>>> print(open('query_3.csv').read())   # CSV, C-alpha atoms
chain,number,residue,atom,x,y,z
A,1,MET,CA,-12.3,15.5,-32.7
A,2,ARG,CA,-12.2,16.4,-36.4
A,3,LYS,CA,-14.9,15.1,-38.7
A,4,VAL,CA,-13.8,12.5,-41.3
A,5,THR,CA,-15.3,10.5,-44.1
A,6,LEU,CA,-14.4,7.0,-45.2
A,7,ILE,CA,-15.0,6.7,-48.9
A,8,LEU,CA,-15.0,3.3,-50.5
A,9,ASP,CA,-14.1,2.7,-54.2
A,10,ASP,CA,-17.8,1.9,-54.9
A,11,GLY,CA,-18.8,5.4,-53.7
A,12,THR,CA,-20.1,4.3,-50.3
A,13,GLN,CA,-19.4,6.8,-47.5
A,14,PHE,CA,-19.2,6.5,-43.8
A,15,HIS,CA,-18.9,9.5,-41.5
A,16,GLY,CA,-17.1,9.6,-38.2
A,17,GLU,CA,-14.5,11.4,-36.2
A,18,SER,CA,-10.7,11.3,-35.9
A,19,PHE,CA,-9.1,10.0,-32.7
A,20,GLY,CA,-5.7,9.2,-34.0
A,21,TYR,CA,-3.2,11.1,-36.0
A,22,ASP,CA,-4.8,13.7,-38.3
A,23,LYS,CA,-3.8,12.9,-41.9
A,24,PRO,CA,-5.7,11.6,-44.9
A,25,VAL,CA,-4.8,8.1,-45.9
A,26,ALA,CA,-5.7,5.4,-48.5
A,27,GLY,CA,-5.5,1.7,-48.6
A,28,GLU,CA,-7.3,-1.6,-48.9
A,29,VAL,CA,-10.2,-1.7,-46.4
A,30,VAL,CA,-10.5,-5.0,-44.6
A,31,PHE,CA,-12.4,-6.2,-41.5
A,32,ASN,CA,-11.2,-8.1,-38.4
A,33,THR,CA,-13.7,-10.0,-36.2
A,34,ALA,CA,-11.5,-10.5,-33.2
A,35,MET,CA,-12.8,-9.2,-29.9
A,36,MET,CA,-9.4,-8.1,-28.6
A,37,GLY,CA,-5.7,-7.9,-29.6
A,38,TYR,CA,-5.5,-4.5,-31.3
A,39,PRO,CA,-1.9,-3.9,-30.2
A,40,GLU,CA,-0.8,-7.2,-31.8
A,41,SER,CA,-2.9,-6.7,-34.9
A,42,LEU,CA,-1.7,-3.1,-35.5
A,43,THR,CA,1.9,-4.2,-35.3
A,44,ASP,CA,1.4,-7.3,-37.5
A,45,PRO,CA,3.3,-6.6,-40.7
A,46,SER,CA,0.6,-8.5,-42.6
A,47,TYR,CA,-1.6,-5.4,-42.3
A,48,ALA,CA,0.8,-3.2,-44.3
A,49,GLY,CA,-1.1,-1.1,-46.8
A,50,GLN,CA,-4.5,-1.8,-45.2
A,51,LEU,CA,-7.2,0.2,-43.4
A,52,MET,CA,-8.2,-2.2,-40.6
A,53,ALA,CA,-11.9,-2.1,-39.5
A,54,LEU,CA,-12.7,-3.9,-36.2
A,55,THR,CA,-16.1,-5.4,-36.0
A,56,TYR,CA,-16.1,-5.6,-32.2
A,57,PRO,CA,-17.7,-2.3,-31.2
A,58,LEU,CA,-15.7,-1.2,-28.1
A,59,VAL,CA,-12.0,-0.6,-28.8
A,60,GLY,CA,-9.4,1.1,-26.6
A,61,ASN,CA,-10.7,0.2,-23.2
A,62,TYR,CA,-7.5,-1.6,-22.1
A,63,GLY,CA,-5.0,0.9,-23.5
A,64,VAL,CA,-1.6,0.0,-24.9
A,65,PRO,CA,1.4,-1.5,-23.2
A,66,ALA,CA,4.8,0.2,-23.2
A,67,PHE,CA,7.1,-0.7,-26.1
A,68,SER,CA,10.1,-2.7,-24.9
A,69,LEU,CA,12.6,-5.2,-26.3
A,70,GLU,CA,13.8,-8.4,-24.8
A,71,GLU,CA,17.6,-9.1,-24.6
A,72,ASN,CA,17.4,-10.9,-28.0
A,73,GLY,CA,15.9,-7.8,-29.6
A,74,ILE,CA,12.4,-9.2,-30.0
A,75,PRO,CA,9.5,-6.9,-28.8
A,76,THR,CA,8.0,-7.9,-25.5
A,77,PHE,CA,4.4,-7.3,-26.1
A,78,MET,CA,4.1,-6.2,-29.8
A,79,GLU,CA,4.4,-8.2,-32.9
A,80,SER,CA,7.0,-5.9,-34.5
A,81,SER,CA,8.7,-2.6,-33.8
A,82,ARG,CA,6.0,-0.3,-35.2
A,83,ILE,CA,2.4,0.0,-36.4
A,84,TRP,CA,2.0,-1.4,-40.0
A,85,ALA,CA,-1.7,-0.8,-40.6
A,86,GLU,CA,-2.4,2.4,-42.5
A,87,ALA,CA,-5.3,3.2,-40.2
A,88,ILE,CA,-7.8,1.7,-37.7
A,89,ILE,CA,-11.6,2.0,-38.0
A,90,VAL,CA,-13.8,1.4,-35.0
A,91,SER,CA,-17.4,1.9,-33.9
A,92,ASP,CA,-16.9,3.2,-30.4
A,93,TYR,CA,-13.4,4.4,-29.1
A,94,SER,CA,-13.1,4.4,-25.4
A,95,THR,CA,-11.2,7.4,-24.2
A,96,GLU,CA,-10.8,5.8,-20.7
A,97,PHE,CA,-8.6,2.7,-20.3
A,98,SER,CA,-7.7,0.4,-17.5
A,99,HIS,CA,-5.3,-2.5,-17.6
A,100,TRP,CA,-2.3,-3.6,-15.4
A,101,ASN,CA,0.0,-3.4,-18.4
A,102,ALA,CA,-1.3,-0.3,-20.0
A,103,LYS,CA,1.1,2.7,-20.3
A,104,GLU,CA,-0.8,4.9,-22.7
A,105,SER,CA,-4.1,5.2,-24.6
A,106,LEU,CA,-4.7,3.8,-28.1
A,107,ALA,CA,-5.2,7.4,-29.3
A,108,ASP,CA,-1.8,8.6,-27.9
A,109,TRP,CA,0.0,5.6,-29.4
A,110,LEU,CA,-1.6,6.3,-32.9
A,111,LYS,CA,-0.7,9.9,-32.7
A,112,ARG,CA,2.9,9.1,-31.7
A,113,GLU,CA,3.3,6.7,-34.6
A,114,GLN,CA,1.4,9.1,-37.0
A,115,VAL,CA,-1.4,6.6,-37.8
A,116,PRO,CA,-5.0,7.7,-38.3
A,117,GLY,CA,-7.8,6.3,-36.2
A,118,ILE,CA,-11.5,7.0,-36.8
A,119,THR,CA,-14.5,6.3,-34.6
A,120,GLY,CA,-18.3,6.6,-34.9
A,121,ILE,CA,-18.3,4.4,-38.0
A,122,ASP,CA,-21.1,1.9,-38.4
A,123,THR,CA,-18.7,-1.0,-38.6
A,124,ARG,CA,-21.6,-3.5,-38.9
A,125,GLU,CA,-22.8,-1.9,-42.0
A,126,LEU,CA,-19.2,-1.5,-43.3
A,127,THR,CA,-18.6,-5.2,-42.8
A,128,LYS,CA,-21.9,-6.0,-44.7
A,129,VAL,CA,-20.7,-3.9,-47.6
A,130,LEU,CA,-17.3,-5.6,-47.7
A,131,ARG,CA,-18.8,-9.0,-47.5
A,132,GLU,CA,-21.2,-8.3,-50.3
A,133,HIS,CA,-18.8,-6.4,-52.6
A,134,GLY,CA,-15.5,-7.9,-51.4
A,135,VAL,CA,-12.5,-6.0,-50.0
A,136,MET,CA,-11.9,-2.7,-51.9
A,137,MET,CA,-9.7,0.3,-51.7
A,138,GLY,CA,-10.8,3.2,-49.5
A,139,LYS,CA,-9.8,6.7,-48.4
A,140,ILE,CA,-10.1,8.6,-45.1
A,141,VAL,CA,-10.7,12.2,-45.9
A,142,PHE,CA,-11.0,15.1,-43.5
A,143,ASP,CA,-14.2,17.0,-44.0
A,144,ASP,CA,-12.5,20.4,-43.5
A,145,GLU,CA,-9.9,19.5,-46.1
A,146,PRO,CA,-12.1,18.1,-49.0
A,147,GLU,CA,-9.4,18.9,-51.6
A,148,ASN,CA,-6.7,16.8,-49.9
A,149,ILE,CA,-7.5,13.4,-51.4
A,150,PRO,CA,-5.0,10.5,-50.7
A,151,TYR,CA,-4.2,7.8,-53.2
A,152,ALA,CA,-2.8,4.3,-52.9
A,153,ASN,CA,-2.4,1.0,-54.7
A,154,TYR,CA,-2.6,-2.5,-53.1
A,155,SER,CA,-2.9,-4.9,-56.0
A,156,GLY,CA,0.5,-5.7,-57.5
A,157,VAL,CA,2.5,-3.9,-54.8
A,158,ASN,CA,5.3,-6.0,-53.2
A,159,PHE,CA,4.5,-5.2,-49.5
A,160,VAL,CA,6.7,-8.1,-48.4
A,161,ASP,CA,9.8,-6.1,-49.6
A,162,LYS,CA,8.6,-3.2,-47.5
A,163,VAL,CA,8.3,-5.2,-44.2
A,164,SER,CA,11.1,-7.8,-44.5
A,165,CYS,CA,14.4,-7.4,-42.7
A,166,LYS,CA,17.3,-6.1,-44.9
A,167,GLU,CA,20.1,-8.2,-43.4
A,168,ILE,CA,20.6,-11.5,-41.7
A,169,ILE,CA,19.7,-11.5,-38.0
A,170,ARG,CA,20.7,-14.5,-35.7
A,171,TYR,CA,19.0,-15.5,-32.5
A,172,ASN,CA,20.1,-18.0,-29.9
A,173,GLU,CA,23.4,-18.6,-31.7
A,174,GLY,CA,25.2,-21.8,-30.9
A,175,ALA,CA,22.1,-24.0,-30.4
A,176,GLU,CA,22.3,-27.6,-31.6
A,177,LYS,CA,19.7,-27.1,-34.4
A,178,LYS,CA,19.6,-24.2,-36.8
A,179,VAL,CA,16.5,-23.0,-38.6
A,180,VAL,CA,16.6,-20.5,-41.5
A,181,LEU,CA,13.5,-18.3,-41.3
A,182,VAL,CA,12.6,-16.5,-44.5
A,183,ASP,CA,11.2,-13.1,-43.3
A,184,CYS,CA,8.2,-12.1,-45.4
A,185,GLY,CA,6.9,-9.9,-42.5
A,186,VAL,CA,7.4,-12.3,-39.6
A,187,LYS,CA,5.4,-11.8,-36.4
A,188,ALA,CA,7.4,-11.7,-33.2
A,189,ASN,CA,5.5,-14.5,-31.7
A,190,ILE,CA,6.8,-16.9,-34.4
A,191,LEU,CA,10.3,-16.1,-33.3
A,192,ARG,CA,9.3,-16.5,-29.6
A,193,CYS,CA,7.7,-19.9,-30.4
A,194,LEU,CA,10.8,-21.2,-32.2
A,195,LEU,CA,13.3,-19.8,-29.6
A,196,LYS,CA,11.5,-21.3,-26.6
A,197,ARG,CA,12.0,-24.7,-28.3
A,198,GLY,CA,15.7,-24.2,-28.2
A,199,VAL,CA,16.7,-23.8,-31.8
A,200,GLU,CA,19.0,-21.2,-33.4
A,201,VAL,CA,17.0,-18.9,-35.8
A,202,ILE,CA,18.8,-17.4,-38.8
A,203,ARG,CA,16.4,-14.7,-40.0
A,204,VAL,CA,17.0,-13.8,-43.7
A,205,PRO,CA,15.4,-11.2,-46.0
A,206,TRP,CA,12.5,-12.5,-48.2
A,207,ASN,CA,14.6,-12.7,-51.4
A,208,TYR,CA,17.8,-14.0,-49.9
A,209,ASP,CA,19.2,-17.2,-51.3
A,210,PHE,CA,19.5,-19.2,-48.1
A,211,ASN,CA,20.5,-22.4,-49.8
A,212,GLU,CA,24.2,-21.8,-49.3
A,213,LEU,CA,23.8,-21.5,-45.5
A,214,GLU,CA,24.3,-24.4,-43.1
A,215,PHE,CA,20.9,-25.2,-41.4
A,216,ASP,CA,18.7,-28.1,-40.3
A,217,GLY,CA,15.3,-26.8,-41.2
A,218,LEU,CA,13.5,-24.1,-43.2
A,219,PHE,CA,10.7,-21.9,-41.9
A,220,LEU,CA,8.6,-19.7,-44.2
A,221,ALA,CA,7.0,-16.8,-42.3
A,222,ASN,CA,3.9,-14.8,-42.8
A,223,GLY,CA,3.7,-11.5,-44.6
A,224,PRO,CA,1.4,-9.0,-46.4
A,225,GLY,CA,0.0,-8.7,-49.9
A,226,ASP,CA,0.0,-10.8,-53.0
A,227,PRO,CA,2.4,-13.9,-53.0
A,228,ASP,CA,2.7,-13.5,-56.8
A,229,THR,CA,4.9,-10.5,-56.2
A,230,CYS,CA,7.4,-12.7,-54.4
A,231,GLU,CA,8.9,-14.8,-57.2
A,232,ASP,CA,12.5,-14.5,-55.9
A,233,ALA,CA,11.4,-16.3,-52.7
A,234,VAL,CA,9.6,-19.0,-54.7
A,235,VAL,CA,12.7,-19.6,-56.8
A,236,ASN,CA,14.8,-20.1,-53.6
A,237,ILE,CA,12.2,-22.4,-52.1
A,238,ARG,CA,12.2,-24.5,-55.3
A,239,LYS,CA,16.0,-25.0,-55.0
A,240,PHE,CA,15.5,-26.2,-51.4
A,241,LEU,CA,12.8,-28.7,-52.4
A,242,ALA,CA,15.0,-30.0,-55.2
A,243,ASN,CA,18.0,-30.5,-53.0
A,244,PRO,CA,18.8,-34.3,-52.6
A,245,VAL,CA,19.5,-33.6,-48.9
A,246,VAL,CA,16.0,-33.5,-47.5
A,247,ARG,CA,15.4,-31.2,-44.6
A,248,PRO,CA,12.2,-30.3,-42.8
A,249,CYS,CA,10.2,-27.2,-43.8
A,250,MET,CA,7.2,-25.4,-42.2
A,251,GLY,CA,5.3,-22.4,-43.5
A,252,ILE,CA,2.7,-20.1,-42.0
A,253,CYS,CA,0.3,-17.9,-43.9
A,254,MET,CA,2.3,-16.3,-46.7
A,255,GLY,CA,4.7,-19.2,-46.1
A,256,ASN,CA,1.9,-21.6,-47.0
A,257,GLN,CA,1.2,-19.8,-50.2
A,258,LEU,CA,4.9,-19.5,-51.2
A,259,LEU,CA,5.5,-23.2,-50.5
A,260,SER,CA,2.5,-24.0,-52.6
A,261,LYS,CA,3.7,-21.9,-55.5
A,262,ALA,CA,7.1,-23.6,-55.3
A,263,ALA,CA,5.2,-26.9,-55.5
A,264,GLY,CA,3.4,-25.8,-58.6
A,265,ALA,CA,0.1,-24.6,-57.2
A,266,THR,CA,-1.7,-21.3,-58.0
A,267,ILE,CA,-3.1,-18.7,-55.7
A,268,TYR,CA,-6.3,-16.7,-55.8
A,269,LYS,CA,-7.6,-13.7,-54.0
A,270,LEU,CA,-10.4,-14.3,-51.5
A,271,LYS,CA,-13.5,-12.1,-51.7
A,272,TYR,CA,-13.0,-10.6,-48.3
A,273,GLY,CA,-10.3,-12.7,-46.6
A,274,HIS,CA,-10.0,-14.3,-43.2
A,275,ARG,CA,-9.1,-11.9,-40.4
A,276,SER,CA,-10.1,-13.0,-36.9
A,277,HIS,CA,-9.5,-15.2,-33.9
A,278,ASN,CA,-12.3,-17.6,-34.5
A,279,GLN,CA,-11.8,-19.4,-37.8
A,280,PRO,CA,-12.6,-23.1,-37.6
A,281,VAL,CA,-10.3,-25.5,-39.5
A,282,ARG,CA,-10.3,-29.3,-39.8
A,283,MET,CA,-7.2,-31.5,-40.3
A,284,ILE,CA,-7.8,-33.4,-43.5
A,285,GLY,CA,-8.6,-37.1,-42.9
A,286,THR,CA,-9.6,-36.6,-39.3
A,287,ASN,CA,-12.5,-35.2,-37.3
A,288,LYS,CA,-10.1,-32.9,-35.4
A,289,CYS,CA,-11.2,-29.3,-35.6
A,290,PHE,CA,-9.3,-26.3,-34.3
A,291,ILE,CA,-10.2,-22.6,-33.6
A,292,THR,CA,-7.5,-20.5,-35.3
A,293,SER,CA,-6.3,-17.0,-35.7
A,294,GLN,CA,-6.0,-15.8,-39.3
A,295,ASN,CA,-5.0,-12.8,-41.3
A,296,HIS,CA,-4.8,-13.3,-45.1
A,297,GLY,CA,-6.5,-12.2,-48.3
A,298,TYR,CA,-5.3,-14.9,-50.6
A,299,ALA,CA,-5.7,-18.7,-50.7
A,300,VAL,CA,-4.1,-21.8,-52.4
A,301,ASP,CA,-6.1,-23.5,-55.1
A,302,ASP,CA,-6.2,-27.2,-53.9
A,303,GLU,CA,-7.0,-28.4,-57.5
A,304,THR,CA,-3.6,-27.1,-58.7
A,305,LEU,CA,-1.4,-29.1,-56.2
A,306,SER,CA,0.8,-31.6,-57.9
A,307,ALA,CA,0.4,-35.4,-57.2
A,308,ASP,CA,3.2,-35.3,-54.6
A,309,TRP,CA,1.3,-32.8,-52.4
A,310,GLU,CA,-2.0,-32.8,-50.6
A,311,PRO,CA,-4.1,-30.4,-48.5
A,312,LEU,CA,-3.4,-30.6,-44.7
A,313,PHE,CA,-6.2,-28.4,-43.3
A,314,VAL,CA,-9.5,-27.0,-44.7
A,315,ASN,CA,-11.5,-24.0,-43.6
A,316,MET,CA,-14.9,-25.1,-42.3
A,317,ASN,CA,-16.6,-21.9,-43.2
A,318,ASP,CA,-15.8,-21.7,-47.0
A,319,ASN,CA,-13.8,-24.9,-47.7
A,320,SER,CA,-10.7,-22.9,-48.7
A,321,ASN,CA,-7.2,-24.4,-48.2
A,322,GLU,CA,-5.7,-23.9,-44.8
A,323,GLY,CA,-2.4,-25.8,-45.3
A,324,ILE,CA,-0.5,-28.4,-47.4
A,325,ARG,CA,1.9,-31.2,-46.8
A,326,HIS,CA,4.2,-33.4,-49.0
A,327,LYS,CA,3.1,-37.0,-49.1
A,328,VAL,CA,6.7,-38.3,-48.4
A,329,ASN,CA,9.0,-35.6,-47.3
A,330,PRO,CA,8.8,-33.6,-44.0
A,331,TRP,CA,7.4,-30.4,-45.6
A,332,PHE,CA,4.1,-28.9,-44.4
A,333,SER,CA,2.4,-25.5,-43.8
A,334,ALA,CA,-0.6,-23.8,-42.3
A,335,GLN,CA,-2.5,-20.9,-43.7
A,336,PHE,CA,-3.6,-19.9,-40.2
A,337,HIS,CA,-1.4,-18.7,-37.3
A,338,PRO,CA,-0.3,-21.4,-34.9
A,339,GLU,CA,1.6,-18.8,-32.9
A,340,ALA,CA,-1.6,-16.8,-32.6
A,341,ALA,CA,-0.7,-13.7,-30.7
A,342,SER,CA,-3.1,-12.6,-29.3
A,343,GLY,CA,-4.7,-16.1,-29.4
A,344,PRO,CA,-6.0,-18.7,-29.5
A,345,VAL,CA,-3.1,-21.2,-29.0
A,346,ASP,CA,-4.9,-24.4,-30.0
A,347,THR,CA,-2.5,-25.2,-32.8
A,348,GLU,CA,0.9,-24.2,-31.3
A,349,PHE,CA,1.7,-28.0,-31.3
A,350,LEU,CA,2.7,-27.5,-35.0
A,351,PHE,CA,5.9,-25.9,-33.8
A,352,ASP,CA,6.6,-29.0,-31.7
A,353,ASP,CA,6.0,-31.1,-34.7
A,354,PHE,CA,8.4,-29.1,-36.8
A,355,VAL,CA,11.2,-29.0,-34.2
A,356,LYS,CA,10.9,-32.8,-33.6
A,357,LEU,CA,11.6,-33.3,-37.4
A,358,LEU,CA,14.9,-31.4,-37.2
>>> encode(input="query_3.csv", output="structure tokens")
Amino acid sequence: MRKVTLILDDGTQFHGESFGYDKPVAGEVVFNTAMMGYPESLTDPSYAGQLMALTYPLVGNYGVPAFSLEENGIPTFMESSRIWAEAIIVSDYSTEFSHWNAKESLADWLKREQVPGITGIDTRELTKVLREHGVMMGKIVFDDEPENIPYANYSGVNFVDKVSCKEIIRYNEGAEKKVVLVDCGVKANILRCLLKRGVEVIRVPWNYDFNELEFDGLFLANGPGDPDTCEDAVVNIRKFLANPVVRPCMGICMGNQLLSKAAGATIYKLKYGHRSHNQPVRMIGTNKCFITSQNHGYAVDDETLSADWEPLFVNMNDNSNEGIRHKVNPWFSAQFHPEAASGPVDTEFLFDDFVKLL
């Protein structure tokens, strides 16, 4: 395996070896504390533009499932049709794998999709640096090609436009209830969770004015990057909220932030974000706590919500916002992922709540 160096913007360097596709790459370096789920995380569009470091030391031991599509065109085991992360960074890559559903190794998958993977990195120390400094840009450089230095931007780039669908896609046509889903980088399991509840899903591009369509409810999906780059979506959501015909709305992750912006709130960047399967959140006004899956680098400023809105969930680690709701109308959102592929599924009931409102 070729020798590589991860160089952070503050000059910190980590030395390791390449086990994926051999190419230099740059992006925002973030860490994920989940113990498993690398096929789902790598294919999550919310990781577009990022170098994903996994804090769990052993990675690759259960391989990768074959890519396949259901009859409705939704991936069977992945969260989208391709890997979106710019690279994966691990401590110890397992060259041997064993799982009933595995068809290839993580290394072979990365090479086929031309995505770098590096191992031998002290991911504990890397995580400490990111927690102290905050997320920062980084570069993966091959030691035998020191002059080949990659470059990339993350701040201010509209990654949602890169990952959103480009035309309207319909699922389960003819169902009694119709849901418009604004695709900011939707995970496949959000589609699965809606479809198994018997609704028709009309998936539209992030900047599509859906207000002229006939539908019973609005769903705002997850996605990568800075919500401030998605003003077209915010304008369309404001039209929806101002419509005298009140229809239910639910948002997840980026959807929470866009709904909040449409409601007048502001967004700020978290120091190092929430990316894991183990984030505790509490439902405001109750003692109900849930363990949630999360993947975001921005948060809603509760203090900027208008009088008609209120926080719905709060993060028990840092007290940041984890969802909002309107005080009168059936509009709510979650910053975490209730669909949670690859888990946990403690909050999937939010889909039931949404569908019951239709």
>>> residues_around(input="query_3.csv", residues="range 195-204 of chain A", least_positions_apart="4", cutoff="6 Å", atoms="all atoms listed in the file", output="list in words")
Ile168, Ile169, Arg170, Tyr171, Asn172, Glu173, Ala175, Lys177, Lys178, Val179, Val180, Leu181, Val182 and Asp183 of chain A
>>> residues_around(input="query_3.csv", residues="Asn329 in chain A", least_positions_apart="5", cutoff="9 Å", atoms="all atoms listed in the file", output="PyMOL selection string")
chain A and resi 246-248
>>> closest_residue(input="query_3.csv", among="A:Leu213, A:Tyr47, A:Leu259, A:Phe313", to="Lys162 in chain A", atoms="all atoms listed in the file")
A:Tyr47
>>> residues_around(input="query_3.csv", residues="Val115 in chain A", least_positions_apart="5", cutoff="6 Å", atoms="all atoms listed in the file", output="PyMOL selection string")
chain A and resi 21+87+110
>>> closest_residue(input="query_3.csv", among="A:Gln279, A:Ser105, A:Gln294, A:Ser333", to="Glu310 in chain A", atoms="only C-alpha atoms")
A:Ser333
>>> atom_distance(input="query_3.csv", atom1="CA of Leu220 in chain A", atom2="CA of Val29 in chain A")
26.1 Å
>>> closest_residue(input="query_3.csv", among="A:His274, A:Arg112, A:Lys327, A:Arg192", to="Gly297 in chain A", atoms="only C-alpha atoms")
A:His274
>>> decode(input="query_3.csv", residues="range 121-144 of chain A", atoms="N, CA and C atoms", output="compact mmCIF listing (two decimals), in the first residue's frame")
# COMPACT_ATOMS: atom_id res chain seq x y z
N ILE A 121 -4.02 5.63 10.46
CA ILE A 121 -4.11 6.96 11.04
C ILE A 121 -4.50 6.84 12.51
N ASP A 122 -3.91 7.64 13.36
CA ASP A 122 -4.31 7.70 14.77
C ASP A 122 -5.60 8.52 14.84
N THR A 123 -6.74 7.85 14.63
CA THR A 123 -8.02 8.56 14.57
C THR A 123 -8.43 9.13 15.92
N ARG A 124 -7.93 8.56 17.02
CA ARG A 124 -8.20 9.15 18.34
C ARG A 124 -7.56 10.54 18.43
N GLU A 125 -6.31 10.63 18.03
CA GLU A 125 -5.62 11.92 18.07
C GLU A 125 -6.23 12.90 17.07
N LEU A 126 -6.59 12.40 15.87
CA LEU A 126 -7.23 13.24 14.87
C LEU A 126 -8.53 13.83 15.42
N THR A 127 -9.32 13.00 16.10
CA THR A 127 -10.58 13.47 16.68
C THR A 127 -10.32 14.51 17.76
N LYS A 128 -9.30 14.32 18.58
CA LYS A 128 -8.96 15.31 19.60
C LYS A 128 -8.61 16.65 18.95
N VAL A 129 -7.86 16.62 17.86
CA VAL A 129 -7.49 17.86 17.16
C VAL A 129 -8.74 18.56 16.63
N LEU A 130 -9.64 17.78 16.02
CA LEU A 130 -10.85 18.38 15.45
C LEU A 130 -11.78 18.91 16.54
N ARG A 131 -11.84 18.22 17.69
CA ARG A 131 -12.68 18.71 18.79
C ARG A 131 -12.11 19.99 19.38
N GLU A 132 -10.80 20.11 19.42
CA GLU A 132 -10.16 21.30 19.98
C GLU A 132 -10.23 22.48 19.01
N HIS A 133 -9.91 22.21 17.76
CA HIS A 133 -9.84 23.28 16.76
C HIS A 133 -11.18 23.49 16.08
N GLY A 134 -11.96 22.42 15.92
CA GLY A 134 -13.16 22.46 15.09
C GLY A 134 -12.86 21.84 13.74
N VAL A 135 -13.92 21.51 12.99
CA VAL A 135 -13.70 20.93 11.67
C VAL A 135 -12.86 21.88 10.83
N MET A 136 -12.03 21.32 9.99
CA MET A 136 -11.19 22.15 9.12
C MET A 136 -10.94 21.40 7.82
N MET A 137 -10.49 22.14 6.84
CA MET A 137 -10.17 21.52 5.57
C MET A 137 -8.90 20.69 5.71
N GLY A 138 -8.81 19.65 4.87
CA GLY A 138 -7.64 18.79 4.89
C GLY A 138 -7.35 18.23 3.52
N LYS A 139 -6.15 17.68 3.36
CA LYS A 139 -5.71 17.13 2.09
C LYS A 139 -5.07 15.77 2.32
N ILE A 140 -5.36 14.84 1.44
CA ILE A 140 -4.68 13.55 1.43
C ILE A 140 -3.68 13.57 0.28
N VAL A 141 -2.41 13.49 0.62
CA VAL A 141 -1.33 13.62 -0.35
C VAL A 141 -0.50 12.34 -0.35
N PHE A 142 -0.14 11.86 -1.54
CA PHE A 142 0.69 10.66 -1.66
C PHE A 142 2.16 11.06 -1.52
N ASP A 143 2.86 10.34 -0.64
CA ASP A 143 4.23 10.72 -0.30
C ASP A 143 5.17 10.66 -1.49
N ASP A 144 4.86 9.77 -2.47
CA ASP A 144 5.75 9.67 -3.64
C ASP A 144 5.33 10.65 -4.75
